[in-house]
$ cat upload35.cif   # mmCIF, C-alpha atoms
data_input
loop_
_atom_site.label_atom_id
_atom_site.label_comp_id
_atom_site.auth_asym_id
_atom_site.auth_seq_id
_atom_site.Cartn_x
_atom_site.Cartn_y
_atom_site.Cartn_z
CA MET A 1 -35.72 -171.24 -52.83
CA SER A 2 -33.43 -173.82 -54.39
CA ASP A 3 -34.63 -176.70 -52.20
CA ILE A 4 -38.22 -176.37 -53.44
CA ASN A 5 -39.61 -178.65 -56.08
CA ARG A 6 -41.30 -176.36 -58.61
CA ASP A 7 -43.17 -179.29 -60.18
CA ILE A 8 -45.48 -179.76 -57.21
CA ASN A 9 -49.25 -179.49 -57.58
CA ILE A 10 -50.77 -176.45 -55.90
CA LEU A 11 -54.43 -175.79 -55.06
CA VAL A 12 -55.40 -172.12 -54.77
CA VAL A 13 -58.62 -171.62 -52.77
CA ASP A 14 -60.33 -168.21 -52.67
CA ASP A 15 -63.88 -167.05 -53.32
CA PHE A 16 -62.61 -163.98 -55.23
CA SER A 17 -61.36 -164.84 -58.71
CA THR A 18 -59.20 -161.69 -58.76
CA MET A 19 -57.27 -162.94 -55.74
CA ARG A 20 -56.89 -166.46 -57.23
CA ARG A 21 -55.51 -164.82 -60.37
CA ILE A 22 -53.08 -162.66 -58.39
CA VAL A 23 -51.82 -165.62 -56.31
CA LYS A 24 -51.40 -167.80 -59.41
CA ASN A 25 -49.48 -165.06 -61.22
CA LEU A 26 -47.17 -164.59 -58.26
CA LEU A 27 -46.58 -168.33 -57.95
CA LYS A 28 -45.82 -168.50 -61.68
CA GLU A 29 -43.28 -165.71 -61.24
CA LEU A 30 -41.64 -167.87 -58.57
CA GLY A 31 -41.34 -170.73 -61.06
CA PHE A 32 -44.29 -172.94 -60.09
CA LYS A 33 -46.22 -174.50 -62.95
CA ASN A 34 -49.07 -176.71 -61.81
CA PHE A 35 -52.15 -175.07 -60.32
CA ASP A 36 -55.79 -175.84 -59.77
CA GLU A 37 -58.38 -173.48 -58.34
CA ALA A 38 -61.35 -173.80 -56.00
CA ASP A 39 -63.75 -171.02 -55.01
CA ASP A 40 -64.53 -172.33 -51.54
CA GLY A 41 -63.39 -174.88 -48.92
CA ALA A 42 -66.36 -177.08 -49.80
CA THR A 43 -65.33 -177.20 -53.48
CA ALA A 44 -61.68 -177.67 -52.51
CA TRP A 45 -62.19 -180.59 -50.12
CA PRO A 46 -63.08 -183.32 -52.69
CA MET A 47 -60.19 -182.07 -54.85
CA VAL A 48 -57.80 -182.25 -51.89
CA GLN A 49 -59.01 -185.77 -51.08
CA THR A 50 -57.64 -187.05 -54.39
CA GLY A 51 -54.21 -186.60 -52.81
CA LYS A 52 -52.97 -184.65 -55.82
CA TYR A 53 -51.72 -181.55 -53.99
CA GLN A 54 -48.53 -180.95 -52.07
CA LEU A 55 -49.43 -177.32 -51.27
CA ILE A 56 -52.75 -175.63 -50.51
CA VAL A 57 -52.87 -171.83 -50.57
CA SER A 58 -56.19 -170.79 -49.06
CA ASP A 59 -58.20 -167.78 -47.98
CA TRP A 60 -59.94 -167.94 -44.56
CA ASN A 61 -63.29 -166.22 -45.02
CA MET A 62 -65.29 -168.16 -47.61
CA PRO A 63 -69.02 -168.88 -47.75
CA LYS A 64 -69.56 -172.65 -47.40
CA MET A 65 -66.40 -173.99 -45.83
CA THR A 66 -63.82 -171.61 -44.42
CA GLY A 67 -60.06 -171.96 -44.86
CA ILE A 68 -59.55 -172.87 -41.21
CA GLU A 69 -62.16 -175.63 -41.52
CA LEU A 70 -60.38 -176.92 -44.62
CA LEU A 71 -57.05 -176.86 -42.76
CA LYS A 72 -58.53 -178.82 -39.86
CA LYS A 73 -60.02 -181.42 -42.20
CA VAL A 74 -56.66 -181.82 -43.98
CA ARG A 75 -54.75 -182.22 -40.71
CA ALA A 76 -57.32 -184.70 -39.38
CA ASP A 77 -56.97 -186.98 -42.41
CA GLU A 78 -54.22 -189.59 -42.06
CA LYS A 79 -53.41 -189.55 -45.80
CA LEU A 80 -53.50 -185.77 -46.26
CA LYS A 81 -52.20 -184.43 -42.97
CA ASP A 82 -48.66 -183.69 -44.24
CA THR A 83 -49.84 -181.38 -47.04
CA ALA A 84 -48.23 -177.92 -46.87
CA PHE A 85 -50.87 -175.32 -46.00
CA LEU A 86 -50.54 -171.56 -46.38
CA LEU A 87 -53.30 -169.17 -45.35
CA ILE A 88 -53.50 -165.83 -47.18
CA THR A 89 -56.24 -163.86 -45.47
CA ALA A 90 -57.58 -160.52 -44.34
CA GLU A 91 -58.30 -162.07 -40.93
CA ALA A 92 -55.87 -160.36 -38.57
CA LYS A 93 -57.11 -161.04 -35.05
CA LYS A 94 -54.39 -162.49 -32.84
CA SER A 95 -56.84 -165.14 -31.64
CA GLN A 96 -57.39 -166.20 -35.26
CA ILE A 97 -53.65 -166.48 -35.92
CA LEU A 98 -53.37 -168.57 -32.75
CA GLU A 99 -56.23 -170.79 -33.89
CA ALA A 100 -54.56 -171.30 -37.27
CA ALA A 101 -51.24 -172.09 -35.58
CA GLN A 102 -52.92 -174.61 -33.28
CA ALA A 103 -54.65 -176.18 -36.28
CA GLY A 104 -51.24 -176.73 -37.87
CA VAL A 105 -50.89 -174.00 -40.48
CA ASP A 106 -47.45 -173.77 -42.13
CA GLY A 107 -47.64 -170.07 -42.96
CA TYR A 108 -49.95 -167.13 -42.45
CA ILE A 109 -50.00 -164.08 -44.72
CA VAL A 110 -52.19 -161.06 -44.01
CA LYS A 111 -53.73 -159.25 -46.98
CA PRO A 112 -52.75 -156.92 -48.56
CA PHE A 113 -49.44 -158.66 -49.19
CA THR A 114 -46.48 -158.38 -51.55
CA ALA A 115 -44.70 -160.81 -53.88
CA ALA A 116 -41.66 -160.65 -51.59
CA THR A 117 -43.75 -161.71 -48.57
CA LEU A 118 -45.17 -164.66 -50.50
CA ALA A 119 -41.70 -165.79 -51.61
CA GLU A 120 -40.35 -165.50 -48.07
CA LYS A 121 -43.28 -167.32 -46.47
CA LEU A 122 -43.25 -170.09 -49.07
CA LYS A 123 -39.63 -170.74 -48.19
CA LYS A 124 -40.64 -171.24 -44.55
CA VAL A 125 -43.67 -173.32 -45.52
CA PHE A 126 -41.45 -175.71 -47.49
CA GLU A 127 -38.86 -175.88 -44.69
CA ARG A 128 -41.61 -177.11 -42.40
CA TYR A 129 -43.02 -179.41 -45.09
CA ASN A 130 -39.60 -180.91 -45.91
CA ALA A 131 -38.86 -181.43 -42.21
CA ARG A 132 -42.19 -183.22 -41.85
CA MET A 133 -41.52 -185.45 -44.83
CA ALA A 134 -38.00 -186.27 -43.62
CA LYS A 135 -39.37 -187.22 -40.21
CA LYS A 136 -42.02 -189.37 -41.84
CA LYS A 137 -39.41 -191.11 -43.97
CA GLN A 138 -37.27 -191.76 -40.89
CA ALA A 139 -40.23 -193.18 -39.00
CA GLY A 140 -41.37 -195.26 -41.97
CA MET B 1 -114.33 -142.10 -22.56
CA LYS B 2 -115.67 -142.50 -26.08
CA LEU B 3 -116.72 -139.34 -27.89
CA THR B 4 -120.30 -139.85 -29.09
CA MET B 5 -122.95 -137.42 -30.16
CA ASP B 6 -124.95 -138.37 -27.02
CA VAL B 7 -122.11 -137.24 -24.82
CA LEU B 8 -121.28 -134.13 -26.84
CA LYS B 9 -124.75 -132.80 -27.66
CA PRO B 10 -125.84 -131.60 -24.19
CA ARG B 11 -122.42 -130.02 -23.58
CA VAL B 12 -122.40 -128.21 -26.95
CA GLU B 13 -125.97 -127.01 -26.37
CA ALA B 14 -125.03 -125.74 -22.91
CA LEU B 15 -122.00 -124.01 -24.50
CA CYS B 16 -124.27 -122.28 -27.05
CA GLU B 17 -126.76 -121.26 -24.37
CA ALA B 18 -124.01 -119.76 -22.25
CA MET B 19 -122.72 -117.87 -25.29
CA GLN B 20 -126.16 -116.53 -26.15
CA ALA B 21 -126.75 -115.55 -22.53
CA GLY B 22 -123.39 -113.80 -22.48
CA ASP B 23 -122.36 -115.93 -19.47
CA MET B 24 -118.59 -116.00 -20.01
CA GLU B 25 -117.87 -118.04 -16.90
CA ARG B 26 -120.21 -120.92 -17.89
CA PHE B 27 -119.10 -120.64 -21.53
CA GLU B 28 -115.46 -121.17 -20.53
CA GLU B 29 -116.43 -123.99 -18.18
CA HIS B 30 -118.11 -125.93 -21.03
CA LEU B 31 -115.33 -125.09 -23.49
CA ASP B 32 -112.71 -126.39 -21.01
CA TRP B 33 -114.71 -129.58 -20.57
CA LEU B 34 -114.83 -130.15 -24.34
CA THR B 35 -111.13 -129.35 -24.71
CA VAL B 36 -110.12 -131.76 -21.94
CA LEU B 37 -112.30 -134.44 -23.51
CA ARG B 38 -110.48 -133.94 -26.81
CA GLU B 39 -107.06 -134.09 -25.12
CA VAL B 40 -108.00 -137.34 -23.40
CA GLN B 41 -108.92 -138.76 -26.79
CA VAL B 42 -105.56 -137.78 -28.27
CA ALA B 43 -103.74 -139.24 -25.28
CA GLU B 44 -105.63 -142.52 -25.68
CA GLN B 45 -104.72 -142.68 -29.35
CA LEU B 46 -101.07 -142.04 -28.50
CA ARG B 47 -101.16 -144.76 -25.86
CA SER B 48 -102.56 -147.27 -28.35
CA LEU B 49 -99.87 -146.28 -30.86
CA GLN B 50 -97.24 -146.79 -28.18
CA GLU B 51 -98.69 -150.24 -27.42
CA MET B 52 -98.56 -151.18 -31.10
CA LEU B 53 -94.96 -150.04 -31.32
CA SER B 54 -94.05 -151.96 -28.20
CA VAL B 55 -95.63 -155.13 -29.63
CA ASN B 56 -93.65 -154.67 -32.83
CA ILE B 57 -90.42 -154.20 -30.94
CA GLU B 58 -91.16 -157.42 -29.03
CA THR B 59 -91.55 -159.16 -32.38
CA LEU B 60 -88.21 -157.68 -33.38
CA GLU B 61 -86.73 -159.22 -30.28
CA LYS B 62 -87.90 -162.65 -31.37
CA ASP B 63 -86.60 -162.12 -34.88
CA ASN B 64 -82.84 -162.54 -34.57
CA GLY B 65 -82.37 -161.52 -38.19
CA VAL B 66 -83.53 -157.98 -37.49
CA LEU B 67 -81.47 -157.70 -34.32
CA SER B 68 -78.34 -158.97 -36.00
CA ALA B 69 -79.00 -156.64 -38.94
CA THR B 70 -79.15 -153.73 -36.49
CA SER B 71 -75.90 -154.82 -34.96
CA GLU B 72 -74.22 -155.25 -38.36
CA LEU B 73 -75.67 -151.99 -39.59
CA SER B 74 -74.14 -150.12 -36.69
CA ASP B 75 -70.81 -149.94 -38.46
CA ALA B 76 -72.04 -150.42 -42.02
CA SER B 77 -71.32 -146.85 -43.03
CA GLU B 78 -67.78 -147.14 -41.67
CA ARG B 79 -67.31 -150.33 -43.69
CA LEU B 80 -68.65 -148.69 -46.83
CA ARG B 81 -66.25 -145.79 -46.36
CA TYR B 82 -63.45 -148.35 -46.22
CA VAL B 83 -64.64 -149.78 -49.56
CA LEU B 84 -64.77 -146.29 -51.00
CA GLU B 85 -61.25 -145.43 -49.85
CA SER B 86 -59.67 -148.76 -50.84
CA THR B 87 -61.11 -148.74 -54.35
CA GLU B 88 -60.08 -145.12 -54.73
CA GLN B 89 -56.51 -145.89 -53.69
CA ALA B 90 -56.33 -148.96 -55.94
CA ALA B 91 -57.75 -147.09 -58.91
CA SER B 92 -55.37 -144.21 -58.34
CA LYS B 93 -52.37 -146.55 -58.18
CA THR B 94 -53.52 -148.33 -61.36
CA LEU B 95 -53.86 -144.97 -63.11
CA ASP B 96 -50.36 -143.92 -62.01
CA LEU B 97 -48.88 -147.10 -63.41
CA ALA B 98 -50.92 -147.01 -66.63
CA GLU B 99 -49.95 -143.40 -67.27
CA SER B 100 -46.30 -144.19 -66.67
CA ILE B 101 -46.49 -147.13 -69.12
CA GLY B 102 -48.28 -144.88 -71.64
CA GLU B 103 -45.54 -142.25 -71.40
CA GLY B 104 -42.85 -144.91 -71.80
CA LEU B 105 -44.58 -146.39 -74.85
CA SER B 106 -45.05 -142.97 -76.46
CA ALA B 107 -41.34 -142.23 -76.07
CA LEU B 108 -40.53 -145.67 -77.45
CA ARG B 109 -42.83 -145.16 -80.46
CA ASP B 110 -40.62 -142.40 -81.82
CA ARG B 111 -37.55 -144.62 -81.66
CA VAL B 112 -38.83 -147.91 -83.11
CA ALA B 113 -38.76 -148.90 -86.78
CA GLU B 114 -41.74 -147.98 -88.92
CA GLU B 115 -43.01 -151.59 -89.07
CA ASP B 116 -43.10 -151.89 -85.25
CA ARG B 117 -45.12 -148.71 -84.71
CA GLU B 118 -48.41 -150.46 -85.30
CA GLN B 119 -47.72 -152.82 -82.43
CA VAL B 120 -46.76 -149.95 -80.12
CA ASP B 121 -49.94 -148.09 -81.14
CA HIS B 122 -51.96 -151.19 -80.29
CA LEU B 123 -50.34 -151.33 -76.84
CA LEU B 124 -51.01 -147.62 -76.33
CA GLY B 125 -54.68 -148.33 -77.10
CA GLU B 126 -54.72 -151.11 -74.50
CA VAL B 127 -53.19 -148.79 -71.91
CA GLN B 128 -55.89 -146.25 -72.72
CA ALA B 129 -58.56 -148.92 -72.23
CA LEU B 130 -56.96 -149.82 -68.90
CA ILE B 131 -57.19 -146.18 -67.82
CA MET B 132 -60.81 -145.97 -68.92
CA THR B 133 -61.71 -149.11 -66.96
CA GLN B 134 -60.85 -147.28 -63.74
CA GLU B 135 -64.02 -145.32 -64.35
CA TYR B 136 -65.72 -147.96 -62.22
CA GLN B 137 -64.32 -146.28 -59.11
CA ASP B 138 -66.11 -143.03 -59.87
CA LEU B 139 -69.38 -144.80 -60.62
CA THR B 140 -69.35 -147.17 -57.65
CA GLY B 141 -68.03 -144.38 -55.43
CA GLN B 142 -70.99 -142.20 -56.28
CA VAL B 143 -73.41 -144.97 -55.39
CA LEU B 144 -71.67 -145.54 -52.06
CA LYS B 145 -71.58 -141.83 -51.25
CA LYS B 146 -75.34 -141.67 -51.69
CA LEU B 147 -75.90 -144.79 -49.60
CA ILE B 148 -73.77 -143.83 -46.60
CA PRO B 149 -75.98 -140.99 -45.20
CA ALA B 150 -79.13 -143.07 -45.76
CA LEU B 151 -77.57 -145.99 -43.89
CA GLU B 152 -76.49 -143.72 -41.05
CA ALA B 153 -80.05 -142.43 -40.65
CA LEU B 154 -81.45 -145.98 -40.71
CA GLN B 155 -78.79 -147.10 -38.28
CA GLN B 156 -79.75 -144.39 -35.77
CA LEU B 157 -83.43 -145.24 -36.08
CA LEU B 158 -82.87 -148.97 -35.58
CA GLU B 159 -80.52 -148.39 -32.67
CA LYS B 160 -83.18 -146.28 -30.96
CA MET B 161 -85.77 -149.01 -31.52
CA VAL B 162 -83.46 -151.72 -30.20
CA ALA B 163 -82.70 -149.56 -27.15
CA ALA B 164 -86.44 -148.92 -26.66
CA ALA B 165 -86.98 -152.69 -26.62
CA GLY B 166 -84.53 -152.84 -23.74
CA HIS B 167 -81.58 -154.38 -25.60
CA ASN B 168 -77.97 -153.50 -25.12
CA LEU B 169 -76.44 -153.11 -28.57
CA GLU B 170 -72.90 -153.58 -27.26
CA GLU B 171 -73.85 -157.01 -25.88
CA LEU B 172 -75.48 -157.88 -29.17
CA ARG B 173 -72.31 -156.96 -31.04
CA SER B 174 -70.15 -159.22 -28.91
CA ARG B 175 -72.60 -162.06 -29.47
CA GLN B 176 -72.54 -161.56 -33.22
CA GLY B 177 -68.80 -161.86 -33.78
CA ASP B 178 -67.90 -165.40 -34.83
CA LEU B 179 -64.17 -165.32 -35.38
CA HIS B 180 -64.17 -168.99 -36.29
CA LYS B 181 -66.19 -168.20 -39.40
CA GLY B 182 -63.93 -165.29 -40.29
CA VAL B 183 -64.99 -161.69 -40.35
CA GLY B 184 -63.02 -160.22 -43.25
CA PRO B 185 -60.77 -157.17 -43.06
CA ASN B 186 -60.72 -155.24 -39.80
CA VAL B 187 -61.88 -151.92 -41.12
CA THR B 188 -63.69 -150.39 -38.16
CA GLN B 189 -62.14 -148.95 -35.00
CA ALA B 190 -63.90 -151.61 -32.90
CA SER B 191 -62.70 -154.55 -34.99
CA LYS B 192 -59.10 -153.28 -35.02
CA ALA B 193 -58.81 -154.04 -31.31
CA ASP B 194 -56.69 -157.15 -30.68
CA SER B 195 -55.71 -157.38 -34.34
CA VAL B 196 -52.29 -157.41 -35.89
CA SER B 197 -51.65 -154.49 -38.20
CA ASN B 198 -48.98 -155.93 -40.49
CA GLN B 199 -47.14 -159.07 -41.57
CA ASP B 200 -44.27 -158.41 -39.13
CA GLU B 201 -46.66 -158.72 -36.21
CA VAL B 202 -48.03 -161.96 -37.66
CA ASP B 203 -44.48 -163.27 -37.98
CA ASP B 204 -43.60 -162.30 -34.41
CA LEU B 205 -46.69 -164.06 -33.13
CA LEU B 206 -45.99 -167.19 -35.20
CA ASP B 207 -42.30 -167.13 -34.15
CA SER B 208 -43.38 -167.14 -30.54
CA LEU B 209 -45.42 -170.26 -31.34
CA GLY B 210 -42.47 -171.94 -33.06
CA ILE B 211 -43.84 -171.64 -36.61
#

$ encode --input "upload35.cif" --output "structure tokens"
Amino acid sequence: MSDINRDINILVVDDFSTMRRIVKNLLKELGFKNFDEADDGATAWPMVQTGKYQLIVSDWNMPKMTGIELLKKVRADEKLKDTAFLLITAEAKKSQILEAAQAGVDGYIVKPFTAATLAEKLKKVFERYNARMAKKKQAG
Amino acid sequence: MKLTMDVLKPRVEALCEAMQAGDMERFEEHLDWLTVLREVQVAEQLRSLQEMLSVNIETLEKDNGVLSATSELSDASERLRYVLESTEQAASKTLDLAESIGEGLSALRDRVAEEDREQVDHLLGEVQALIMTQEYQDLTGQVLKKLIPALEALQQLLEKMVAAAGHNLEELRSRQGDLHKGVGPNVTQASKADSVSNQDEVDDLLDSLGI
């Protein structure tokens, strides 16, 4: 993952603190340093709106605002729409994966997952993110 | 017909007279009449109970909370078993790892310098605490094991009531599922339908969508 900037700001969104801790530990192992946490999409949204984050790693099933709702809000916002978005979720219905894909998710990991899966998916997430940024630069 | 003393008295008197006169045929005739009267009373009470029950089931119908609870409850015991099994597996794996670390540290303890032993002993204590923490699985497991049969009994009762109110539980279930909100892990046979079972299947699906 040499083409990934490890200094990016990451927001980890999950209603279970254990899972936030696990994700943060795995991301640290991969060399990332800057994390914030939110326990729900509704808590995450004002944080995301500050424009601080380049990557959002979110659960789907959360009480007030779900991960898919958060993804849709991010993609609908002109300033935020390019943010990399990875869903890590226990939701495994094909129709849900399709919905996430249509909403513009960059990666989808089904729980339980391994460190290797996260590393592999992050690589893909950043390929898509970098391609998006390059396209934006070209257009701008 | 309401059972009053006015209705009963002449019949009971006639019954006594027939008994005293030794007229078995008339005695039985009056006894039958009294018995039938009693049975009619019981039947009327049952009918009124049935009406009360039917009214309550109609109230259930209006109360979506109860209906959705019945639908959710239908696989609650299966979901609880999933919790029981997952925590058991996780605790067992944690114990395996903790024991392996403990063995490694014990072997190491004999090889390190005297001044480092204290630190190794401290770590061994932490490993021990880690092992002890897994006790939660036994405690929570016991609670769940007690709850499961009670839930199953309640589930059967509620399902019968919902069926008696003329509802189709299968239709209710399909109405309940809101995939947009997320439903959590697919732990029941019914929810496994149309689900991917591993990351490879997710990847294949996303590949086919160009992601």

$ residues_around --input "upload35.cif" --residues "stretch 123-138 of chain A" --least-positions-apart "5" --cutoff "8 Å" --atoms "only C-alpha atoms" --output "PDB file with C-alpha atoms, in the frame of the given file"
ATOM      1  CA  MET A   1     -35.720-171.240 -52.830  1.00  0.00           C
ATOM      2  CA  ILE A   4     -38.220-176.370 -53.440  1.00  0.00           C
ATOM      3  CA  ASP A  82     -48.660-183.690 -44.240  1.00  0.00           C
ATOM      4  CA  THR A  83     -49.840-181.380 -47.040  1.00  0.00           C
ATOM      5  CA  ALA A  84     -48.230-177.920 -46.870  1.00  0.00           C
ATOM      6  CA  PHE A  85     -50.870-175.320 -46.000  1.00  0.00           C
ATOM      7  CA  LEU A  86     -50.540-171.560 -46.380  1.00  0.00           C
ATOM      8  CA  ASP A 106     -47.450-173.770 -42.130  1.00  0.00           C
ATOM      9  CA  GLY A 107     -47.640-170.070 -42.960  1.00  0.00           C
TER      10      GLY A 107
END

$ resolve_selection --input "upload35.cif" --expression "the PyMOL selection byres ((chain A) within 9 of (chain B))" --output "NGL selection string"
:A and (60-63 or 65-69 or 89-99 or 101-102 or 105-113 or 117 or 124 or 128)

$ atom_distance --input "upload35.cif" --atom1 "atom CA of A:Tyr53" --atom2 "atom CA of A:Asn9"
4.8 Å

$ resolve_selection --input "upload35.cif" --expression "the PyMOL selection byres ((chain B and resi 11) around 12)" --output "list in words"
Leu3, Thr4, Met5, Asp6, Val7, Leu8, Lys9, Pro10, Val12, Glu13, Ala14, Leu15, Cys16, Glu17, Ala18, Arg26, Phe27, Glu28, Glu29, His30, Leu31, Asp32, Trp33, Leu34, Thr35 and Leu37 of chain B

$ atom_distance --input "upload35.cif" --atom1 "atom CA of A:Asn5" --atom2 "atom CA of A:Val74"
21.1 Å

$ atom_distance --input "upload35.cif" --atom1 "atom CA of A:Asn25" --atom2 "atom CA of B:Glu126"
20.0 Å

$ residues_near_point --input "upload35.cif" --point "(-63.3, -182.7, -53.1)" --cutoff "12 Å" --atoms "all atoms listed in the file" --output "PyMOL selection string"
chain A and resi 11+37-53+65+70+73-74

$ decode --input "upload35.cif" --residues "stretch 19-27 of chain A" --atoms "all heavy atoms" --output "mmCIF file, in the first residue's frame"
data_model
loop_
_atom_site.group_PDB
_atom_site.id
_atom_site.type_symbol
_atom_site.label_atom_id
_atom_site.label_comp_id
_atom_site.auth_asym_id
_atom_site.auth_seq_id
_atom_site.Cartn_x
_atom_site.Cartn_y
_atom_site.Cartn_z
ATOM 1 N N MET A 19 -15.804 -2.796 18.570
ATOM 2 C CA MET A 19 -15.495 -2.841 17.140
ATOM 3 C C MET A 19 -14.682 -1.613 16.716
ATOM 4 O O MET A 19 -13.755 -1.726 15.914
ATOM 5 C CB MET A 19 -16.796 -2.953 16.333
ATOM 6 C CG MET A 19 -16.612 -3.271 14.872
ATOM 7 S SD MET A 19 -15.424 -4.580 14.490
ATOM 8 C CE MET A 19 -16.331 -6.030 15.000
ATOM 9 N N ARG A 20 -15.000 -0.437 17.286
ATOM 10 C CA ARG A 20 -14.212 0.772 16.963
ATOM 11 C C ARG A 20 -12.755 0.548 17.376
ATOM 12 O O ARG A 20 -11.825 0.900 16.658
ATOM 13 C CB ARG A 20 -14.775 1.999 17.702
ATOM 14 C CG ARG A 20 -16.143 2.439 17.222
ATOM 15 C CD ARG A 20 -16.434 3.888 17.616
ATOM 16 N NE ARG A 20 -16.397 4.121 19.045
ATOM 17 C CZ ARG A 20 -17.448 3.977 19.864
ATOM 18 N NH1 ARG A 20 -18.612 3.577 19.385
ATOM 19 N NH2 ARG A 20 -17.339 4.232 21.157
ATOM 20 N N ARG A 21 -12.594 -0.074 18.543
ATOM 21 C CA ARG A 21 -11.246 -0.337 19.061
ATOM 22 C C ARG A 21 -10.489 -1.297 18.141
ATOM 23 O O ARG A 21 -9.314 -1.077 17.814
ATOM 24 C CB ARG A 21 -11.393 -0.946 20.453
ATOM 25 C CG ARG A 21 -10.150 -0.891 21.261
ATOM 26 C CD ARG A 21 -10.456 -1.297 22.674
ATOM 27 N NE ARG A 21 -9.362 -2.089 23.202
ATOM 28 C CZ ARG A 21 -9.420 -2.737 24.354
ATOM 29 N NH1 ARG A 21 -10.514 -2.699 25.071
ATOM 30 N NH2 ARG A 21 -8.398 -3.429 24.779
ATOM 31 N N ILE A 22 -11.191 -2.346 17.709
ATOM 32 C CA ILE A 22 -10.559 -3.338 16.828
ATOM 33 C C ILE A 22 -10.146 -2.680 15.507
ATOM 34 O O ILE A 22 -9.016 -2.846 15.048
ATOM 35 C CB ILE A 22 -11.521 -4.535 16.586
ATOM 36 C CG1 ILE A 22 -11.685 -5.327 17.892
ATOM 37 C CG2 ILE A 22 -11.034 -5.425 15.463
ATOM 38 C CD1 ILE A 22 -12.749 -6.408 17.845
ATOM 39 N N VAL A 23 -11.072 -1.914 14.910
ATOM 40 C CA VAL A 23 -10.772 -1.268 13.617
ATOM 41 C C VAL A 23 -9.589 -0.307 13.765
ATOM 42 O O VAL A 23 -8.675 -0.302 12.944
ATOM 43 C CB VAL A 23 -12.032 -0.539 13.072
ATOM 44 C CG1 VAL A 23 -11.681 0.332 11.868
ATOM 45 C CG2 VAL A 23 -13.113 -1.538 12.698
ATOM 46 N N LYS A 24 -9.604 0.496 14.837
ATOM 47 C CA LYS A 24 -8.507 1.446 15.057
ATOM 48 C C LYS A 24 -7.166 0.731 15.223
ATOM 49 O O LYS A 24 -6.153 1.138 14.675
ATOM 50 C CB LYS A 24 -8.791 2.287 16.311
ATOM 51 C CG LYS A 24 -9.533 3.572 15.977
ATOM 52 C CD LYS A 24 -9.992 4.287 17.208
ATOM 53 C CE LYS A 24 -8.851 4.648 18.127
ATOM 54 N NZ LYS A 24 -9.333 5.253 19.386
ATOM 55 N N ASN A 25 -7.175 -0.366 15.979
ATOM 56 C CA ASN A 25 -5.941 -1.133 16.171
ATOM 57 C C ASN A 25 -5.410 -1.683 14.854
ATOM 58 O O ASN A 25 -4.208 -1.639 14.594
ATOM 59 C CB ASN A 25 -6.185 -2.284 17.154
ATOM 60 C CG ASN A 25 -6.044 -1.809 18.588
ATOM 61 O OD1 ASN A 25 -5.155 -1.027 18.903
ATOM 62 N ND2 ASN A 25 -6.935 -2.258 19.453
ATOM 63 N N LEU A 26 -6.338 -2.187 14.036
ATOM 64 C CA LEU A 26 -5.920 -2.740 12.742
ATOM 65 C C LEU A 26 -5.365 -1.638 11.838
ATOM 66 O O LEU A 26 -4.364 -1.830 11.158
ATOM 67 C CB LEU A 26 -7.112 -3.427 12.063
ATOM 68 C CG LEU A 26 -7.604 -4.727 12.708
ATOM 69 C CD1 LEU A 26 -8.875 -5.218 12.038
ATOM 70 C CD2 LEU A 26 -6.530 -5.809 12.615
ATOM 71 N N LEU A 27 -6.029 -0.481 11.848
ATOM 72 C CA LEU A 27 -5.563 0.628 11.017
ATOM 73 C C LEU A 27 -4.189 1.120 11.489
ATOM 74 O O LEU A 27 -3.327 1.470 10.674
ATOM 75 C CB LEU A 27 -6.578 1.782 11.024
ATOM 76 C CG LEU A 27 -7.882 1.527 10.259
ATOM 77 C CD1 LEU A 27 -8.920 2.596 10.563
ATOM 78 C CD2 LEU A 27 -7.627 1.467 8.744
#
